[in-house]
$ cat start_23.txt   # compact mmCIF, C-alpha atoms
# COMPACT_ATOMS: atom_id res chain seq x y z
CA MET A 1 153.58 140.10 103.14
CA GLU A 2 150.30 138.36 102.43
CA SER A 3 148.52 137.42 105.63
CA LEU A 4 147.91 133.75 106.31
CA ASP A 5 144.53 132.35 105.41
CA GLU A 6 142.66 130.60 108.18
CA ASP A 7 143.30 127.13 106.77
CA ALA A 8 147.03 127.80 106.65
CA ARG A 9 146.88 128.80 110.32
CA LEU A 10 145.05 125.55 111.09
CA MET A 11 147.72 123.58 109.25
CA VAL A 12 150.44 125.35 111.23
CA ARG A 13 148.59 124.45 114.44
CA TYR A 14 148.36 120.83 113.31
CA ARG A 15 152.06 120.82 112.43
CA ASP A 16 152.76 122.11 115.96
CA GLY A 17 150.79 119.33 117.61
CA ASP A 18 147.12 120.36 117.66
CA ALA A 19 145.30 117.25 116.41
CA GLY A 20 141.92 119.03 116.53
CA ALA A 21 143.06 121.50 113.87
CA PHE A 22 143.37 118.66 111.39
CA SER A 23 139.73 117.61 111.91
CA THR A 24 138.58 121.13 111.03
CA LEU A 25 140.82 121.26 107.96
CA TYR A 26 139.65 117.83 106.87
CA ALA A 27 135.99 118.72 107.27
CA ARG A 28 136.46 121.83 105.13
CA HIS A 29 138.38 120.27 102.28
CA LYS A 30 137.25 116.65 102.11
CA GLY A 31 134.27 117.36 99.83
CA PRO A 32 136.07 119.50 97.23
CA LEU A 33 139.08 117.19 97.23
CA TYR A 34 136.99 114.04 96.83
CA ARG A 35 134.93 115.53 93.99
CA TYR A 36 138.08 116.82 92.29
CA LEU A 37 139.64 113.34 92.41
CA LEU A 38 136.45 111.49 91.47
CA ARG A 39 135.79 113.71 88.47
CA GLN A 40 139.42 113.61 87.41
CA VAL A 41 139.95 109.83 87.47
CA ARG A 42 136.25 108.91 86.98
CA ASN A 43 136.51 105.77 89.05
CA ALA A 44 135.25 105.65 92.65
CA GLY A 45 137.79 103.06 93.82
CA ALA A 46 140.75 104.93 92.40
CA ALA A 47 139.40 108.21 93.76
CA ALA A 48 139.15 106.72 97.26
CA ASP A 49 142.73 105.42 97.08
CA LEU A 50 144.03 108.77 95.87
CA PHE A 51 142.02 110.59 98.53
CA GLN A 52 143.77 108.60 101.25
CA GLU A 53 147.14 109.03 99.57
CA VAL A 54 146.79 112.82 99.44
CA TRP A 55 145.89 113.12 103.13
CA SER A 56 148.54 110.64 104.17
CA ARG A 57 151.22 112.65 102.30
CA LEU A 58 149.96 115.79 104.00
CA VAL A 59 150.19 114.11 107.41
CA ALA A 60 153.58 112.54 106.73
CA THR A 61 155.18 115.80 105.66
CA ARG A 62 153.46 118.14 108.10
CA ALA A 63 156.71 118.89 109.92
CA ARG A 64 158.07 120.58 106.79
CA TYR A 65 154.93 122.63 106.11
CA GLU A 66 155.48 126.37 105.77
CA ALA A 67 152.54 128.68 105.25
CA ARG A 68 153.77 130.51 102.17
CA ALA A 69 150.53 130.50 100.17
CA LYS A 70 146.86 129.63 100.46
CA PHE A 71 146.46 126.20 102.07
CA ALA A 72 144.25 124.99 99.20
CA THR A 73 147.10 125.46 96.72
CA TYR A 74 149.32 123.28 98.93
CA LEU A 75 146.70 120.54 99.33
CA PHE A 76 145.67 120.52 95.67
CA HIS A 77 149.26 120.57 94.50
CA ILE A 78 149.72 117.29 96.37
CA ALA A 79 146.45 116.07 94.82
CA HIS A 80 147.64 117.10 91.34
CA ASN A 81 150.91 115.21 91.83
CA CYS A 82 149.09 112.10 93.07
CA THR A 83 146.69 112.26 90.11
CA MET A 84 149.54 112.62 87.61
CA ASP A 85 151.24 109.61 89.19
CA PHE A 86 147.98 107.68 88.88
CA PHE A 87 147.61 108.50 85.17
CA ARG A 88 151.23 107.56 84.56
CA ARG A 89 150.81 104.21 86.36
CA ASP A 90 147.54 103.58 84.55
CA LEU A 91 149.07 104.27 81.13
CA LYS A 92 151.91 101.89 81.85
CA MET A 93 149.68 99.02 82.99
CA PRO A 94 148.55 97.63 79.59
CA HIS A 95 152.14 97.74 78.38
CA ALA A 96 153.34 95.76 81.41
CA ALA A 97 150.59 93.16 81.00
CA ARG A 98 151.43 92.67 77.32
CA SER A 99 155.10 92.11 77.99
CA ASP A 100 154.19 89.15 80.23
CA ASP A 101 152.59 87.19 77.39
CA ALA A 102 154.25 88.51 74.30
CA ASP A 103 152.87 85.71 72.07
CA VAL A 104 149.28 86.80 72.45
CA VAL A 105 148.39 89.42 69.87
CA SER A 106 145.87 91.77 71.38
CA THR A 107 143.22 93.16 69.07
CA GLU A 108 142.16 95.81 71.55
CA PRO A 109 143.79 99.22 71.37
CA GLU A 110 145.89 100.37 74.33
CA VAL A 111 143.37 102.29 76.37
CA PRO A 112 144.01 103.19 79.99
CA GLU A 113 141.62 101.73 82.54
CA TYR A 114 140.09 105.11 83.33
CA GLN A 115 139.30 105.72 79.62
CA ARG A 116 137.86 102.28 78.80
CA PRO A 117 134.54 102.78 77.02
CA ASP A 118 132.64 100.40 79.33
CA ARG A 119 133.91 102.22 82.41
CA VAL A 120 133.21 105.61 80.91
CA ALA A 121 129.71 104.56 79.83
CA GLU A 122 128.98 103.12 83.25
CA PHE A 123 130.08 106.37 84.85
CA ALA A 124 128.22 108.52 82.32
CA GLU A 125 124.90 106.78 82.99
CA GLN A 126 124.88 108.21 86.48
CA GLN A 127 125.44 111.82 85.55
CA SER A 128 123.87 114.80 83.88
CA ALA A 129 124.76 116.34 80.52
CA LEU A 130 127.06 118.80 82.23
CA LEU A 131 128.98 116.16 84.13
CA ALA A 132 129.15 114.02 81.01
CA ALA A 133 130.59 116.98 79.09
CA LEU A 134 133.01 117.59 81.93
CA GLY A 135 134.13 113.97 81.70
CA ALA A 136 134.65 114.33 77.97
CA LEU A 137 137.01 117.29 78.35
CA PRO A 138 140.76 116.77 78.01
CA GLN A 139 142.17 116.05 81.46
CA GLU A 140 144.06 119.37 81.74
CA GLN A 141 140.98 121.45 80.90
CA ARG A 142 138.82 119.40 83.26
CA GLU A 143 141.36 119.93 86.04
CA ALA A 144 141.45 123.71 85.52
CA PHE A 145 137.65 123.89 85.70
CA LEU A 146 137.44 121.64 88.78
CA LEU A 147 140.12 123.58 90.63
CA HIS A 148 138.26 126.81 90.06
CA GLU A 149 134.82 125.44 90.88
CA GLU A 150 135.74 123.28 93.85
CA THR A 151 138.28 125.52 95.58
CA GLY A 152 137.78 128.99 94.13
CA LEU A 153 141.44 129.17 93.09
CA THR A 154 142.42 132.04 90.81
CA ILE A 155 144.04 131.44 87.43
CA GLU A 156 147.42 132.27 88.94
CA GLU A 157 146.90 129.70 91.69
CA ILE A 158 145.67 127.10 89.20
CA ALA A 159 148.86 127.68 87.19
CA ARG A 160 150.95 127.14 90.34
CA VAL A 161 149.07 123.98 91.34
CA THR A 162 149.33 122.43 87.87
CA ASP A 163 152.93 123.53 87.20
CA VAL A 164 152.15 125.52 84.06
CA GLY A 165 152.40 129.14 82.97
CA LEU A 166 149.67 131.67 83.58
CA GLU A 167 148.64 131.85 79.91
CA THR A 168 148.41 128.06 79.64
CA ALA A 169 146.18 127.85 82.69
CA LYS A 170 144.04 130.67 81.34
CA SER A 171 143.62 129.07 77.95
CA ARG A 172 142.77 125.67 79.49
CA LEU A 173 140.04 127.24 81.59
CA ARG A 174 138.75 129.24 78.63
CA TYR A 175 138.45 126.14 76.43
CA ALA A 176 136.84 124.20 79.26
CA ILE A 177 134.09 126.72 79.92
CA ARG A 178 133.43 127.21 76.20
CA LYS A 179 132.90 123.46 75.72
CA LEU A 180 130.86 123.10 78.88
CA LYS A 181 128.61 126.00 77.92
CA LYS A 182 127.91 124.25 74.63
CA SER A 183 126.82 121.16 76.55
CA LEU A 184 124.16 123.26 78.25
CA LEU A 185 122.81 124.67 74.97
CA PRO A 186 120.70 121.72 73.74
CA VAL A 187 118.72 121.95 76.95
CA GLN A 188 118.08 125.66 76.53
CA ILE A 189 117.35 125.86 72.78
CA PRO A 190 113.98 124.03 72.70
CA ALA A 191 112.56 126.39 75.33
CA ALA A 192 113.58 129.41 73.24
CA GLN A 193 112.04 128.17 69.96
CA PRO A 194 108.89 129.99 68.89
CA LEU A 195 105.69 127.98 68.48
CA ARG A 196 104.69 127.22 64.93
CA THR A 197 101.28 128.39 63.88
CA ARG A 198 99.24 126.65 61.25
CA THR A 199 97.90 128.75 58.41
CA ILE A 200 94.62 127.75 56.87
CA MET B 1 139.66 134.93 67.56
CA ASP B 2 138.43 134.15 71.08
CA PRO B 3 135.38 136.02 72.28
CA PRO B 4 136.80 138.27 75.01
CA ASP B 5 133.94 138.01 77.47
CA ASP B 6 133.72 134.19 77.90
CA LEU B 7 136.33 133.79 80.57
CA ASP B 8 135.87 137.19 82.18
CA ASP B 9 132.16 136.61 82.65
CA TYR B 10 132.81 133.23 84.14
CA LEU B 11 135.50 134.47 86.51
CA ARG B 12 133.24 137.22 87.79
CA GLY B 13 131.37 134.37 89.51
CA ASP B 14 127.76 133.27 89.61
CA SER B 15 127.71 132.34 85.91
CA ALA B 16 125.00 130.00 84.66
CA LEU B 17 127.65 127.34 84.25
CA SER B 18 128.81 127.61 87.87
CA ARG B 19 125.22 127.56 89.13
CA GLN B 20 124.47 124.48 87.09
CA TYR B 21 127.64 122.73 88.30
CA ARG B 22 126.79 123.47 91.94
CA ARG B 23 123.29 122.06 91.46
CA GLU B 24 124.77 118.70 90.49
CA SER B 25 124.67 116.05 93.16
CA ALA B 26 127.87 116.16 95.14
CA PRO B 27 128.94 112.75 96.40
CA PRO B 28 130.71 113.04 99.76
CA PRO B 29 133.60 110.71 100.56
CA PRO B 30 132.41 107.44 102.15
CA HIS B 31 132.36 107.42 105.97
CA ALA B 32 134.90 104.60 106.02
CA LEU B 33 137.37 106.95 104.34
CA ASP B 34 136.66 109.67 106.92
CA ARG B 35 137.38 107.23 109.73
CA ARG B 36 140.59 106.00 108.10
CA VAL B 37 142.01 109.46 107.37
CA LEU B 38 141.11 110.92 110.76
CA GLY B 39 142.46 107.74 112.36
CA PHE B 40 145.89 107.90 110.79
CA SER B 41 146.19 111.65 111.38
CA ARG B 42 145.46 111.15 115.08
CA GLU B 43 147.76 108.17 115.21
CA ALA B 44 150.60 110.15 113.62
CA GLN B 45 150.10 113.03 116.04
CA GLY B 46 149.68 110.69 119.02
CA THR B 47 152.88 108.83 118.19
CA ALA B 48 154.81 112.08 118.07
CA GLN B 49 153.32 113.23 121.40
CA ARG B 50 153.87 109.88 123.10
CA LEU B 51 157.48 109.71 122.01
CA THR B 52 158.45 113.14 123.25
CA PRO B 53 158.14 112.58 127.04
CA CYS B 54 159.68 109.11 126.74
CA LEU B 55 162.60 110.38 124.72
CA ALA B 56 163.55 113.23 127.05
CA PRO B 57 165.20 111.12 129.82
CA LEU B 58 166.57 108.77 127.18
CA ALA B 59 168.19 111.67 125.34
CA PHE B 60 169.65 112.95 128.59
CA ALA B 61 171.10 109.54 129.44
CA ALA B 62 172.52 109.17 125.94
CA SER B 63 174.20 112.56 126.04
CA VAL B 64 175.77 111.76 129.46
CA LEU B 65 177.03 108.44 128.12
CA LEU B 66 178.44 110.04 124.99
CA SER B 67 180.16 112.76 126.98
CA VAL B 68 181.79 110.20 129.28
CA ALA B 69 182.87 108.10 126.29
CA LEU B 70 184.32 111.16 124.58
CA VAL B 71 186.31 112.17 127.66
CA LEU B 72 187.62 108.61 128.02
CA ALA B 73 188.54 108.46 124.34
CA ILE B 74 190.44 111.74 124.53
CA ALA B 75 192.23 110.73 127.72
CA PHE B 76 193.12 107.11 126.91
CA GLY B 77 192.36 106.48 123.20
CA PRO B 78 195.10 105.41 120.76
CA GLN B 79 195.06 108.54 118.59
CA THR B 80 197.63 107.43 116.03
CA ALA B 81 195.89 104.10 115.39
CA LYS B 82 192.60 105.91 114.82
CA ARG B 83 194.12 108.07 112.08
CA VAL B 84 195.28 104.94 110.23
CA ASP B 85 191.80 103.36 110.55
CA ASP B 86 189.99 106.31 109.01
CA ALA B 87 191.51 106.20 105.56
CA PRO B 88 190.37 102.72 104.43
CA ARG B 89 186.92 103.32 105.89
CA LEU B 90 186.39 106.29 103.58
CA VAL B 91 187.57 104.25 100.62
CA ARG B 92 185.12 101.49 101.50
CA VAL B 93 182.23 103.99 101.64
CA ALA B 94 183.18 105.27 98.20
CA ALA B 95 183.32 101.76 96.77
CA HIS B 96 179.97 100.82 98.28
CA ALA B 97 178.37 103.96 96.90
CA GLY B 98 179.63 103.14 93.44
CA ALA B 99 181.07 106.59 93.18
CA SER B 100 184.61 107.50 92.32
CA PRO B 101 186.86 108.18 95.31
CA THR B 102 187.27 111.71 94.05
CA THR B 103 183.53 112.45 94.39
CA PRO B 104 183.02 114.96 97.21
CA LEU B 105 181.79 113.34 100.43
CA ASN B 106 178.81 115.72 100.57
CA ARG B 107 177.46 114.39 97.25
CA LYS B 108 177.65 110.81 98.51
CA LEU B 109 175.72 111.74 101.64
CA GLN B 110 173.05 113.46 99.56
CA LEU B 111 172.68 110.49 97.26
CA TYR B 112 172.36 107.81 99.85
CA SER B 113 171.18 109.43 103.04
CA SER B 114 167.60 108.88 104.23
CA ASP B 115 167.78 111.98 106.38
CA PRO B 116 165.61 114.68 104.69
CA LYS B 117 168.01 117.37 105.88
CA LEU B 118 170.75 115.72 103.88
CA ALA B 119 168.54 114.95 100.87
CA ARG B 120 169.42 116.40 97.50
CA ALA B 121 168.06 119.81 96.59
CA PRO B 122 164.93 119.37 94.39
CA PRO B 123 166.50 120.60 91.09
CA VAL B 124 169.50 118.31 91.56
CA TRP B 125 167.29 115.37 92.42
CA LEU B 126 165.00 115.99 89.43
CA ALA B 127 168.03 116.22 87.16
CA ASP B 128 169.16 112.81 88.44
CA ILE B 129 165.69 111.36 87.73
CA ALA B 130 165.72 112.87 84.25
CA ALA B 131 169.12 111.29 83.64
CA LEU B 132 167.73 107.89 84.68
CA ARG B 133 164.83 108.36 82.26
CA ARG B 134 167.19 109.27 79.44
CA ALA B 135 169.14 106.12 80.19
CA ARG B 136 165.80 104.21 79.97
CA ARG B 137 166.15 103.06 83.58
CA ASN B 138 162.47 103.78 84.15
CA SER B 139 161.86 101.57 87.17
CA GLU B 140 164.74 103.23 89.01
CA ALA B 141 163.46 106.62 87.88
CA ASP B 142 159.98 105.76 89.22
CA ALA B 143 161.43 104.65 92.55
CA GLU B 144 163.46 107.85 92.78
CA LEU B 145 160.40 109.91 91.89
CA ARG B 146 158.42 108.21 94.68
CA ARG B 147 161.19 109.00 97.17
CA PHE B 148 161.32 112.54 95.86
CA ARG B 149 157.56 112.96 96.28
CA SER B 150 157.64 111.67 99.82
CA THR B 151 160.38 114.16 100.69
CA TYR B 152 159.00 117.14 98.75
CA PRO B 153 155.26 116.39 98.29
CA ASP B 154 154.26 119.73 96.81
CA TYR B 155 157.30 120.46 94.68
CA SER B 156 156.57 121.08 90.99
CA THR B 157 158.00 118.29 88.89
CA GLY B 158 156.48 119.46 85.60
CA GLU B 159 156.49 116.99 82.72
CA LEU B 160 158.88 114.66 84.48
CA ALA B 161 156.06 113.19 86.56
CA ILE B 162 154.03 111.94 83.60
CA ARG B 163 156.61 111.12 81.00
CA PRO B 164 157.73 107.51 81.41

$ encode --input "start_23.txt" --output "structure tokens"
Amino acid sequence: MESLDEDARLMVRYRDGDAGAFSTLYARHKGPLYRYLLRQVRNAGAAADLFQEVWSRLVATRARYEARAKFATYLFHIAHNCTMDFFRRDLKMPHAARSDDADVVSTEPEVPEYQRPDRVAEFAEQQSALLAALGALPQEQREAFLLHEETGLTIEEIARVTDVGLETAKSRLRYAIRKLKKSLLPVQIPAAQPLRTRTI
Amino acid sequence: MDPPDDLDDYLRGDSALSRQYRRESAPPPPHALDRRVLGFSREAQGTAQRLTPCLAPLAFAASVLLSVALVLAIAFGPQTAKRVDDAPRLVRVAAHAGASPTTPLNRKLQLYSSDPKLARAPPVWLADIAALRRARRNSEADAELRRFRSTYPDYSTGELAIRP
């Protein structure tokens, strides 16, 4: 049997009543989890709400925790579920608003809040080319990349966290890195170009 | 065809892409969030610890009371009348649950109990949610999904979670 990772042991201690173990776990995972959520939903307010929701679900269900796998897969599976719920709620919102005043014909397309151009532009202004390219990726590819970068999860673990097959997870990550690498190219190409010499 | 080395190179670690990503500024969660999360985790743990010593004598007293009541009921209770009472009560439960009287009692308990030990098994529960979605009862399906998530927070729900 696979031995428990240290975080799983801490979670077991927290489940059994050691409040200090939670502080250590929180300190280790708060940064990766927050960045994962922020870069997934691309909205600081929503990310903060989801961040609290993930930890509160972890706390509420601690009594049923069993250390079967790496703790990060457990935590980020909760985060993935919360994020999916957020996207589902967000997609439903424009529809609900329209049904309230059915007489008004909206000229704007149905775009979820997190994809609205003004919000995206506002977010993009504050980030580099790489983060902008990351934001432009399809959500599933972005998630695969973030899970690997922020938590070091393997492809198998990413597949488990996102509820997909191994090959799907692999192909999402492959597409993500290919697109992100391209976003780095324009920065590198000018440096590699040879100087032109004038002939007289 | 996909170039074979793209993903392998990246997974080996320390790729240019990973280095660049790690150089990006990494916003930490606001301190207010830290305080809130650590606060409710301590509160949850504290509540559990505070309740335990209080509940011990209470549990003892309750078990003594129940034992005495049980002995009295066996010694003096009207056993035949009790048998007659039981039948309509079961019928009323079935009617309230909206289930047919032939539905097994276990199924009714699983559907309507708030006790996690009695909750439906995840595949059964997800099948119920899927049935609600097929019947276009989306708000009920959403409510069920929320209850499901609070009972099984890390269980894979697949496409069901995103498809309204």

$ closest_atom_pairs --input "start_23.txt" --of "chain A" --to "chain B" --cutoff "7 Å" --atoms "all atoms listed in the file" --output "CSV"
residue,atom,partner,partner_atom,distance
A:Gly17,CA,B:Gln45,CA,6.5
A:Ala19,CA,B:Arg42,CA,6.2
A:Ser23,CA,B:Leu38,CA,6.9
A:Gly31,CA,B:Pro28,CA,5.6
A:Tyr34,CA,B:Pro29,CA,6.0
A:Gln52,CA,B:Val37,CA,6.4
A:Trp55,CA,B:Val37,CA,6.8
A:Arg57,CA,B:Pro153,CA,6.8
A:Val59,CA,B:Ser41,CA,6.1
A:Tyr74,CA,B:Asp154,CA,6.4
A:His77,CA,B:Asp154,CA,5.6
A:Ile78,CA,B:Asp154,CA,5.2
A:Met84,CA,B:Ile162,CA,6.1
A:Asp85,CA,B:Ala161,CA,6.6
A:Arg88,CA,B:Ile162,CA,5.3
A:Asp163,CA,B:Gly158,CA,5.6
A:Arg174,CA,B:Leu7,CA,5.5
A:Lys181,CA,B:Leu17,CA,6.5

$ write_last_selection --input "start_23.txt" --atoms "C-alpha atoms" --output "PDB file, keeping the file's coordinate frame"
ATOM      1  CA  GLY A  17     150.790 119.330 117.610  1.00  0.00           C
ATOM      2  CA  ALA A  19     145.300 117.250 116.410  1.00  0.00           C
ATOM      3  CA  SER A  23     139.730 117.610 111.910  1.00  0.00           C
ATOM      4  CA  GLY A  31     134.270 117.360  99.830  1.00  0.00           C
ATOM      5  CA  TYR A  34     136.990 114.040  96.830  1.00  0.00           C
ATOM      6  CA  GLN A  52     143.770 108.600 101.250  1.00  0.00           C
ATOM      7  CA  TRP A  55     145.890 113.120 103.130  1.00  0.00           C
ATOM      8  CA  ARG A  57     151.220 112.650 102.300  1.00  0.00           C
ATOM      9  CA  VAL A  59     150.190 114.110 107.410  1.00  0.00           C
ATOM     10  CA  TYR A  74     149.320 123.280  98.930  1.00  0.00           C
ATOM     11  CA  HIS A  77     149.260 120.570  94.500  1.00  0.00           C
ATOM     12  CA  ILE A  78     149.720 117.290  96.370  1.00  0.00           C
ATOM     13  CA  MET A  84     149.540 112.620  87.610  1.00  0.00           C
ATOM     14  CA  ASP A  85     151.240 109.610  89.190  1.00  0.00           C
ATOM     15  CA  ARG A  88     151.230 107.560  84.560  1.00  0.00           C
ATOM     16  CA  ASP A 163     152.930 123.530  87.200  1.00  0.00           C
ATOM     17  CA  ARG A 174     138.750 129.240  78.630  1.00  0.00           C
ATOM     18  CA  LYS A 181     128.610 126.000  77.920  1.00  0.00           C
TER      19      LYS A 181
END

$ residues_around --input "start_23.txt" --residues "Phe145 in chain A" --least-positions-apart "3" --cutoff "12 Å" --atoms "all atoms listed in the file" --output "count of residues only"
42

$ atom_distance --input "start_23.txt" --atom1 "CA of Trp125 in chain B" --atom2 "CA of Arg147 in chain B"
10.0 Å

$ atom_distance --input "start_23.txt" --atom1 "CA of Phe76 in chain A" --atom2 "CA of Leu126 in chain B"
20.8 Å

$ atom_distance --input "start_23.txt" --atom1 "CA of Leu130 in chain A" --atom2 "CA of Leu146 in chain A"
12.6 Å

$ residues_around --input "start_23.txt" --residues "Leu25 in chain A" --least-positions-apart "3" --cutoff "8 Å" --atoms "all atoms listed in the file" --output "list in words"
Asp7, Leu10, Met11, Ala21, Phe22, Arg28 and His29 of chain A

$ axis_aligned_box --input "start_23.txt" --around "range 23-39 of chain B" --padding-each-side "3 Å" --output "JSON"
{"center_x": 132.9, "center_y": 113.3, "center_z": 101.4, "size_x": 25.2, "size_y": 23.5, "size_z": 27.9}
